[in-house]
Amino acid sequence: MPNLYWKNKDKFEKSKTHETQMSYPFQVLESIKNPTINKFISDIELIQENTASNQIPQFKVNEWDNLLIWGDNSDVINSLIKEFSNKIKIIYIDPPFATGSNFKFKTLIGENDAFEINKAYSDIWKGGIDEYIDFLYERLVIMKELLAEDGSIYVHLDWHVSHYIKLVMDEIFGKENFRNEVIWAYPAASMRTRRFFIRSFDSILFYTKSSEYTFNDDPGIYMEYSDRVKFALKEDDKGMFYYRGGSHNGKKLSQKVYVTNKGIFPRDVWTDIPYIRSNTLEYQGFSTQKPERLLRRIILASSNETDIVADFFCGSGTTLAVAEKLGRRWIGSDMAKHAINISRKRILDIYNSNDIINWEKKYKKNPNPFQILSVNKSIQKGKRKTQFQDIKFEIKILKDNKNVSIELIDYFVPNLDLIEKKLKRKIQSFSDWIDSWTIDFISQNSYFNVMWISYRTPKNRKLDLTSNKYYYEKPDKYLISVKVIDILGNETTQNYEIMID
């Protein structure tokens with residue numbers, strides 16, 4: 001079998017297993033277990049939805065919390081090996097494509113339509129294609145160790161590098177474990193060229209770890225019938241059917257053929273999943289965001305409920321949101337703090353998103369508990385320097401006997417002269433700086449326990465500046481922690497002591 005050779009491959013070959021890689025302890029930054037979230041939900045809805053049949057689905061497997069990890073995914077993957085070797089059922093990754101470009105995300109401001117465009121990540125490789133392949137090869141080798149023996153990996157790429165990575169995947173996973181190159185074809189209405197054929201598809205390389213792998217014939221993965229078939233379908237008291245034609249002795253015959261599925265088993269060219277548009281409910285303002293229905297097909301096909309799904313380039317959190325809705329456990333990571341913040345809010349707001357099976361309806365369930373972790377080494381290596389080290393905010397503690405609520409009343413950004421004028425012009429009040437803020441009413445851990453939160457989403461820009469009341473059962477002295485994340489990604493935490501009589 002031919003292998004791909006690139007610069008430094010020999011050097012990396014000598015240290016390509018996790019035994020020679022460094023692992024680092026995880027630090028818990030936040031624990032999120034059923035916080036108070038009131039966005040969009042009326043009191044009537046809360047009463048209706050908090051019935052026994054609609055409680056949050058709790059995983060029983062080792063008191064599992066889903067994991068959202070901030071750090072370089074090389075460090076993250078190595079650090080997961082000890083606990084998760086041979087345990088992850090699906091890995092889906094949507095890495096950079098070596099396009100030579102920078103990609104953007106929208107920084108939304110306040111309650112109006114104001115926004116700024118910022119860099120999400122760089123896809124420029126100084127060492128060229130050799131550096132890119134080395135980067136991905138190192139990670140794929142260790143990902144294989146995380147996969148269960150009946151597990152699958154899906155690598156989402158495009159024309160820039162899919163042909164290179166196909167050879168890399170053959171080498172790591174074995175050519176015999178290659179299952180499909182899935183073509184996701186989507187319209188490219190914005191592409192204007194008359195110099196070559198318009199490029200309007202991505203490639204998804206689907207490999208398994210072994211010949212014994214999970215693959216489900218699930219109705220949820222089926223593609224819709226063509227318009228011709230849909231036009232021919234009819235219905236009677238027995239169900240949906242079409243007429244199959246034929247002839248005998250010159251006479252036309254027809255026979256009813258009943259269908260049980262609402263579509264056809266998927267081919268390897270997917271034309272039925274549209275690209276994300278800004279007018280869709282799932283839109284997160286992330287330029288490379290992938291559709292939830294794309295991940296629905298992959299996750300339903302290659303896993304079962306409570307299986308672990310992982311995405312180590314999680315970006316806007318699509319894989320995590322779909323895994324959550326389908327009752328899978330999930331692990332996501334990203335090096336960019338803004339990606340962690342977007343994914344965090346997306347999971348918190350999952351109640352208001354599309355139901356992944358009945359797309360026209362809302363999901364209307366709260367998320368399972370999850371933790372936000374960091375890899376200590378990655379934080380130090382990848383921490384973004386900021387000129388705004390002395391950010392402060394002001395609150396008012398509203399106390400009514402043993403009931404306490406917090407009001408956010410001001411936010412102070414030093415060195416305003418360092419901020420671009422076009423951004424400053426769009427800030428109308430202090431609250432326009434705020435993307436989310438959260439409260440731990442009983443701060444007693446090394447990590448932040450999210451008990452109440454308010455946040456903005458692309459579809460709902462409203463921010464509550466006064467929290468719900470928290471009732472303290474026992475008289476004592478308590479420490480309250482308040483954390484504010486602003487639109488630039490700056491995170492500030494302040495602590496307050498309070499005495500309950």
# chains A, B, ... in the order shown; residues from 1 in each chain; ligands from 1

$ residues_around --residues "Pro266 in chain A" --least-positions-apart "2" --cutoff "7 Å" --atoms "only C-alpha atoms" --output "PyMOL selection string"
chain A and resi 222-223+264+268

$ write_last_selection --atoms "N, CA and C atoms" --output "PDB file, in the first residue's frame"
ATOM      1  N   TYR A 222     -32.507   8.441   7.093  1.00  0.00           N
ATOM      2  CA  TYR A 222     -32.958   8.285   5.706  1.00  0.00           C
ATOM      3  C   TYR A 222     -33.029   9.619   4.966  1.00  0.00           C
ATOM      4  N   MET A 223     -32.770   9.563   3.672  1.00  0.00           N
ATOM      5  CA  MET A 223     -32.913  10.718   2.799  1.00  0.00           C
ATOM      6  C   MET A 223     -34.353  10.787   2.285  1.00  0.00           C
ATOM      7  N   ILE A 264     -35.416   7.065   1.667  1.00  0.00           N
ATOM      8  CA  ILE A 264     -34.559   5.983   1.203  1.00  0.00           C
ATOM      9  C   ILE A 264     -33.282   5.937   2.029  1.00  0.00           C
ATOM     10  N   ASP A 268     -24.017   7.798  -0.775  1.00  0.00           N
ATOM     11  CA  ASP A 268     -22.848   8.504  -0.256  1.00  0.00           C
ATOM     12  C   ASP A 268     -22.729   9.928  -0.785  1.00  0.00           C
TER      13      ASP A 268
END

$ select_by_dssp --residues "range 253-422 of chain A" --states "strand (DSSP E or B)" --output "PyMOL selection string"
chain A and resi 253-258+264+269-270+286+308-311+329-334+354+362+370-375+392-400+403-412

$ residues_around --residues "Ile498 in chain A" --least-positions-apart "3" --cutoff "7 Å" --atoms "only C-alpha atoms" --output "VMD selection string"
chain A and resid 477 to 479

$ write_last_selection --atoms "N, CA and C atoms" --output "PDB file, in the first residue's frame"
ATOM      1  N   LYS A 477     -22.542  32.994  57.165  1.00  0.00           N
ATOM      2  CA  LYS A 477     -21.824  33.874  56.255  1.00  0.00           C
ATOM      3  C   LYS A 477     -21.550  33.089  54.967  1.00  0.00           C
ATOM      4  N   TYR A 478     -21.870  33.684  53.809  1.00  0.00           N
ATOM      5  CA  TYR A 478     -21.708  33.016  52.520  1.00  0.00           C
ATOM      6  C   TYR A 478     -20.849  33.865  51.588  1.00  0.00           C
ATOM      7  N   LEU A 479     -20.211  33.176  50.649  1.00  0.00           N
ATOM      8  CA  LEU A 479     -19.439  33.849  49.615  1.00  0.00           C
ATOM      9  C   LEU A 479     -20.181  33.704  48.287  1.00  0.00           C
TER      10      LEU A 479
END

$ atom_distance --atom1 "CA of Lys87 in chain A" --atom2 "CA of Asp349 in chain A"
28.1 Å

$ closest_residue --among "A:Asp501, A:Glu111, A:Asp311, A:Glu30" --to "Val155 in chain A" --atoms "only C-alpha atoms"
A:Asp311

$ select_by_dssp --residues "range 139-235 of chain A" --states "helix (DSSP H, G or I)" --output "ChimeraX atom specification"
/A:139-146,162-173,175-177,219-221,227-232

$ write_last_selection --atoms "C-alpha atoms" --output "short mmCIF file (atom, residue, chain, number, x, y, z; two decimals), in the first residue's frame"
data_model
loop_
_atom_site.label_atom_id
_atom_site.label_comp_id
_atom_site.auth_asym_id
_atom_site.auth_seq_id
_atom_site.Cartn_x
_atom_site.Cartn_y
_atom_site.Cartn_z
CA ARG A 139 -3.77 13.99 16.42
CA LEU A 140 -5.35 11.21 14.35
CA VAL A 141 -2.88 8.62 15.64
CA ILE A 142 -3.91 9.30 19.24
CA MET A 143 -7.61 9.59 18.38
CA LYS A 144 -7.47 6.00 17.16
CA GLU A 145 -6.48 4.91 20.67
CA LEU A 146 -9.53 6.65 22.10
CA SER A 162 -8.96 15.44 1.36
CA HIS A 163 -6.74 13.52 -1.10
CA TYR A 164 -3.73 13.84 1.22
CA ILE A 165 -5.63 12.90 4.37
CA LYS A 166 -7.22 9.89 2.65
CA LEU A 167 -3.73 8.35 2.39
CA VAL A 168 -2.96 9.32 5.99
CA MET A 169 -6.20 7.68 7.17
CA ASP A 170 -5.42 4.53 5.16
CA GLU A 171 -2.08 4.32 6.92
CA ILE A 172 -3.40 4.90 10.45
CA PHE A 173 -6.73 3.06 10.36
CA LYS A 175 -7.31 0.74 4.00
CA GLU A 176 -9.60 -2.20 4.83
CA ASN A 177 -11.40 -0.04 7.42
CA PRO A 219 -35.21 5.79 10.01
CA GLY A 220 -33.72 9.07 11.26
CA ILE A 221 -30.82 8.81 8.82
CA ASP A 227 -39.96 14.89 -5.91
CA ARG A 228 -40.96 12.34 -8.57
CA VAL A 229 -41.46 9.63 -5.95
CA LYS A 230 -43.22 11.96 -3.53
CA PHE A 231 -45.64 12.95 -6.30
CA ALA A 232 -46.37 9.27 -7.01
#

$ residues_around --residues "Pro95 in chain A" --least-positions-apart "5" --cutoff "10 Å" --atoms "only C-alpha atoms" --output "list in words"
Asp123, Leu136, Val155, His156, Leu157, Asp311, Phe312, Phe313, Cys314 and Gly315 of chain A

$ write_last_selection --atoms "N, CA and C atoms" --output "compact mmCIF listing (two decimals), in the first residue's frame"
# COMPACT_ATOMS: atom_id res chain seq x y z
N ASP A 123 -6.15 29.67 9.25
CA ASP A 123 -5.92 28.44 8.51
C ASP A 123 -4.74 28.63 7.55
N LEU A 136 -2.21 17.21 11.65
CA LEU A 136 -3.38 16.34 11.72
C LEU A 136 -2.99 14.89 12.00
N VAL A 155 -13.96 12.36 9.34
CA VAL A 155 -13.07 13.52 9.18
C VAL A 155 -13.62 14.37 8.04
N HIS A 156 -14.03 15.58 8.38
CA HIS A 156 -14.72 16.48 7.46
C HIS A 156 -13.70 17.42 6.82
N LEU A 157 -13.56 17.36 5.48
CA LEU A 157 -12.56 18.13 4.75
C LEU A 157 -13.16 18.68 3.45
N ASP A 311 -15.77 15.47 19.72
CA ASP A 311 -15.40 16.40 18.66
C ASP A 311 -14.29 17.28 19.21
N PHE A 312 -13.08 17.14 18.65
CA PHE A 312 -11.92 17.85 19.19
C PHE A 312 -11.61 19.15 18.45
N PHE A 313 -12.47 19.53 17.53
CA PHE A 313 -12.45 20.86 16.90
C PHE A 313 -13.89 21.38 16.99
N CYS A 314 -14.42 21.54 18.18
CA CYS A 314 -15.89 21.64 18.33
C CYS A 314 -16.46 22.96 17.84
N GLY A 315 -15.65 24.02 17.69
CA GLY A 315 -16.13 25.25 17.08
C GLY A 315 -17.38 25.80 17.74

$ residues_around --residues "Thr107 in chain A" --least-positions-apart "6" --cutoff "8 Å" --atoms "only C-alpha atoms" --output "PDB file with C-alpha atoms, in the first residue's frame"
ATOM      1  CA  PHE A 115     -22.104  43.537  15.258  1.00  0.00           C
ATOM      2  CA  GLU A 116     -18.411  43.380  14.458  1.00  0.00           C
ATOM      3  CA  ILE A 117     -16.545  40.701  12.489  1.00  0.00           C
ATOM      4  CA  ASN A 118     -13.589  39.105  14.303  1.00  0.00           C
ATOM      5  CA  GLY A 285     -22.558  33.533  13.718  1.00  0.00           C
ATOM      6  CA  ILE A 487     -18.271  40.615  23.878  1.00  0.00           C
ATOM      7  CA  LEU A 488     -14.460  40.605  23.463  1.00  0.00           C
TER       8      LEU A 488
END

$ residues_around --residues "range 425-433 of chain A" --least-positions-apart "5" --cutoff "7 Å" --atoms "only C-alpha atoms" --output "list of chain:residue names"
A:Ile109, A:Gly110, A:Ala114, A:Asp410, A:Tyr411, A:Asp486, A:Ile487

$ residues_around --residues "range 452-465 of chain A" --least-positions-apart "4" --cutoff "8 Å" --atoms "only C-alpha atoms" --output "MDAnalysis selection string"
chainID A and resid 35:39 108 110:112 281 283:285 345 407:409 435:440

$ write_last_selection --atoms "C-alpha atoms" --output "PDB file, in the first residue's frame"
ATOM      1  CA  PRO A  35     -28.885  26.207  36.697  1.00  0.00           C
ATOM      2  CA  THR A  36     -31.777  28.643  36.595  1.00  0.00           C
ATOM      3  CA  ILE A  37     -32.239  29.693  32.951  1.00  0.00           C
ATOM      4  CA  ASN A  38     -35.285  31.724  32.030  1.00  0.00           C
ATOM      5  CA  LYS A  39     -34.661  32.706  28.423  1.00  0.00           C
ATOM      6  CA  LEU A 108     -22.970  40.679  18.326  1.00  0.00           C
ATOM      7  CA  GLY A 110     -26.363  44.746  22.624  1.00  0.00           C
ATOM      8  CA  GLU A 111     -30.026  44.236  21.811  1.00  0.00           C
ATOM      9  CA  ASN A 112     -30.045  45.744  18.337  1.00  0.00           C
ATOM     10  CA  LEU A 281     -32.659  29.005  14.377  1.00  0.00           C
ATOM     11  CA  TYR A 283     -27.231  29.921  13.344  1.00  0.00           C
ATOM     12  CA  GLN A 284     -24.414  30.884  15.751  1.00  0.00           C
ATOM     13  CA  GLY A 285     -22.558  33.533  13.718  1.00  0.00           C
ATOM     14  CA  LYS A 345     -24.314  29.041  25.580  1.00  0.00           C
ATOM     15  CA  GLU A 407     -28.389  43.348  40.040  1.00  0.00           C
ATOM     16  CA  LEU A 408     -25.620  44.143  37.561  1.00  0.00           C
ATOM     17  CA  ILE A 409     -25.427  47.938  37.462  1.00  0.00           C
ATOM     18  CA  ASP A 435     -22.322  38.665  26.506  1.00  0.00           C
ATOM     19  CA  SER A 436     -23.220  36.628  29.594  1.00  0.00           C
ATOM     20  CA  TRP A 437     -23.046  36.793  33.359  1.00  0.00           C
ATOM     21  CA  THR A 438     -23.520  34.103  35.959  1.00  0.00           C
ATOM     22  CA  ILE A 439     -23.766  33.657  39.729  1.00  0.00           C
ATOM     23  CA  ASP A 440     -22.574  31.058  42.220  1.00  0.00           C
TER      24      ASP A 440
END

$ atom_distance --atom1 "CA of Glu394 in chain A" --atom2 "CA of Ser481 in chain A"
12.6 Å

$ closest_residue --among "A:Val482, A:Val413, A:Leu423, A:Leu373" --to "Phe441 in chain A" --atoms "only C-alpha atoms"
A:Val482

$ atom_distance --atom1 "CA of Phe197 in chain A" --atom2 "CA of Ile276 in chain A"
22.2 Å

$ closest_residue --among "A:Glu360, A:Glu235, A:Asp355, A:Glu149" --to "Glu292 in chain A" --atoms "only C-alpha atoms"
A:Asp355

$ closest_residue --among "A:Phe286, A:Phe201, A:Tyr447, A:Tyr24" --to "Lys104 in chain A" --atoms "only C-alpha atoms"
A:Phe286

$ decode --residues "range 442-469 of chain A" --atoms "N, CA and C atoms" --output "short mmCIF file (atom, residue, chain, number, x, y, z; two decimals), in the first residue's frame"
data_model
loop_
_atom_site.label_atom_id
_atom_site.label_comp_id
_atom_site.auth_asym_id
_atom_site.auth_seq_id
_atom_site.Cartn_x
_atom_site.Cartn_y
_atom_site.Cartn_z
N ILE A 442 -23.34 30.14 46.43
CA ILE A 442 -22.66 29.50 47.56
C ILE A 442 -21.29 29.05 47.07
N SER A 443 -20.39 29.99 46.89
CA SER A 443 -19.08 29.68 46.33
C SER A 443 -18.21 29.01 47.40
N GLN A 444 -17.89 27.74 47.17
CA GLN A 444 -17.08 27.02 48.15
C GLN A 444 -16.14 26.01 47.51
N ASN A 445 -16.00 26.07 46.19
CA ASN A 445 -15.14 25.14 45.49
C ASN A 445 -14.04 25.91 44.75
N SER A 446 -13.08 25.17 44.23
CA SER A 446 -12.04 25.78 43.41
C SER A 446 -12.57 26.16 42.03
N TYR A 447 -13.75 25.62 41.68
CA TYR A 447 -14.37 25.93 40.40
C TYR A 447 -15.66 26.71 40.63
N PHE A 448 -16.19 27.25 39.53
CA PHE A 448 -17.40 28.06 39.57
C PHE A 448 -18.61 27.16 39.37
N ASN A 449 -19.52 27.16 40.31
CA ASN A 449 -20.75 26.38 40.21
C ASN A 449 -21.86 27.28 39.69
N VAL A 450 -22.27 27.06 38.45
CA VAL A 450 -23.25 27.94 37.81
C VAL A 450 -24.64 27.65 38.38
N MET A 451 -25.17 28.61 39.15
CA MET A 451 -26.50 28.44 39.75
C MET A 451 -27.55 29.31 39.08
N TRP A 452 -27.12 30.40 38.49
CA TRP A 452 -28.02 31.28 37.73
C TRP A 452 -27.21 31.89 36.60
N ILE A 453 -27.84 32.06 35.45
CA ILE A 453 -27.12 32.64 34.31
C ILE A 453 -28.07 33.40 33.40
N SER A 454 -27.57 34.47 32.83
CA SER A 454 -28.26 35.18 31.75
C SER A 454 -27.25 35.39 30.62
N TYR A 455 -27.69 35.23 29.38
CA TYR A 455 -26.77 35.30 28.25
C TYR A 455 -27.53 35.75 27.02
N ARG A 456 -26.80 36.26 26.07
CA ARG A 456 -27.39 36.65 24.78
C ARG A 456 -27.13 35.53 23.77
N THR A 457 -28.07 35.35 22.87
CA THR A 457 -27.88 34.42 21.76
C THR A 457 -28.10 35.20 20.46
N PRO A 458 -27.69 34.65 19.31
CA PRO A 458 -27.93 35.37 18.06
C PRO A 458 -29.40 35.66 17.80
N LYS A 459 -30.30 34.81 18.32
CA LYS A 459 -31.73 34.99 18.06
C LYS A 459 -32.47 35.70 19.20
N ASN A 460 -31.86 35.86 20.33
CA ASN A 460 -32.47 36.59 21.43
C ASN A 460 -31.40 37.42 22.10
N ARG A 461 -31.42 38.73 21.86
CA ARG A 461 -30.37 39.61 22.33
C ARG A 461 -30.64 40.17 23.73
N LYS A 462 -31.78 39.82 24.31
CA LYS A 462 -32.13 40.35 25.62
C LYS A 462 -31.22 39.77 26.70
N LEU A 463 -30.84 40.63 27.65
CA LEU A 463 -30.02 40.21 28.79
C LEU A 463 -30.71 40.65 30.07
N ASP A 464 -30.93 39.73 30.99
CA ASP A 464 -31.50 40.08 32.30
C ASP A 464 -30.40 40.69 33.16
N LEU A 465 -30.63 41.85 33.70
CA LEU A 465 -29.63 42.51 34.54
C LEU A 465 -29.88 42.30 36.02
N THR A 466 -31.00 41.65 36.35
CA THR A 466 -31.29 41.29 37.74
C THR A 466 -31.58 39.80 37.79
N SER A 467 -30.93 39.12 38.71
CA SER A 467 -31.08 37.67 38.81
C SER A 467 -32.38 37.30 39.51
N ASN A 468 -32.74 36.04 39.43
CA ASN A 468 -33.80 35.49 40.26
C ASN A 468 -33.36 35.50 41.73
N LYS A 469 -34.32 35.40 42.61
CA LYS A 469 -33.99 35.33 44.03
C LYS A 469 -33.49 33.95 44.40
#
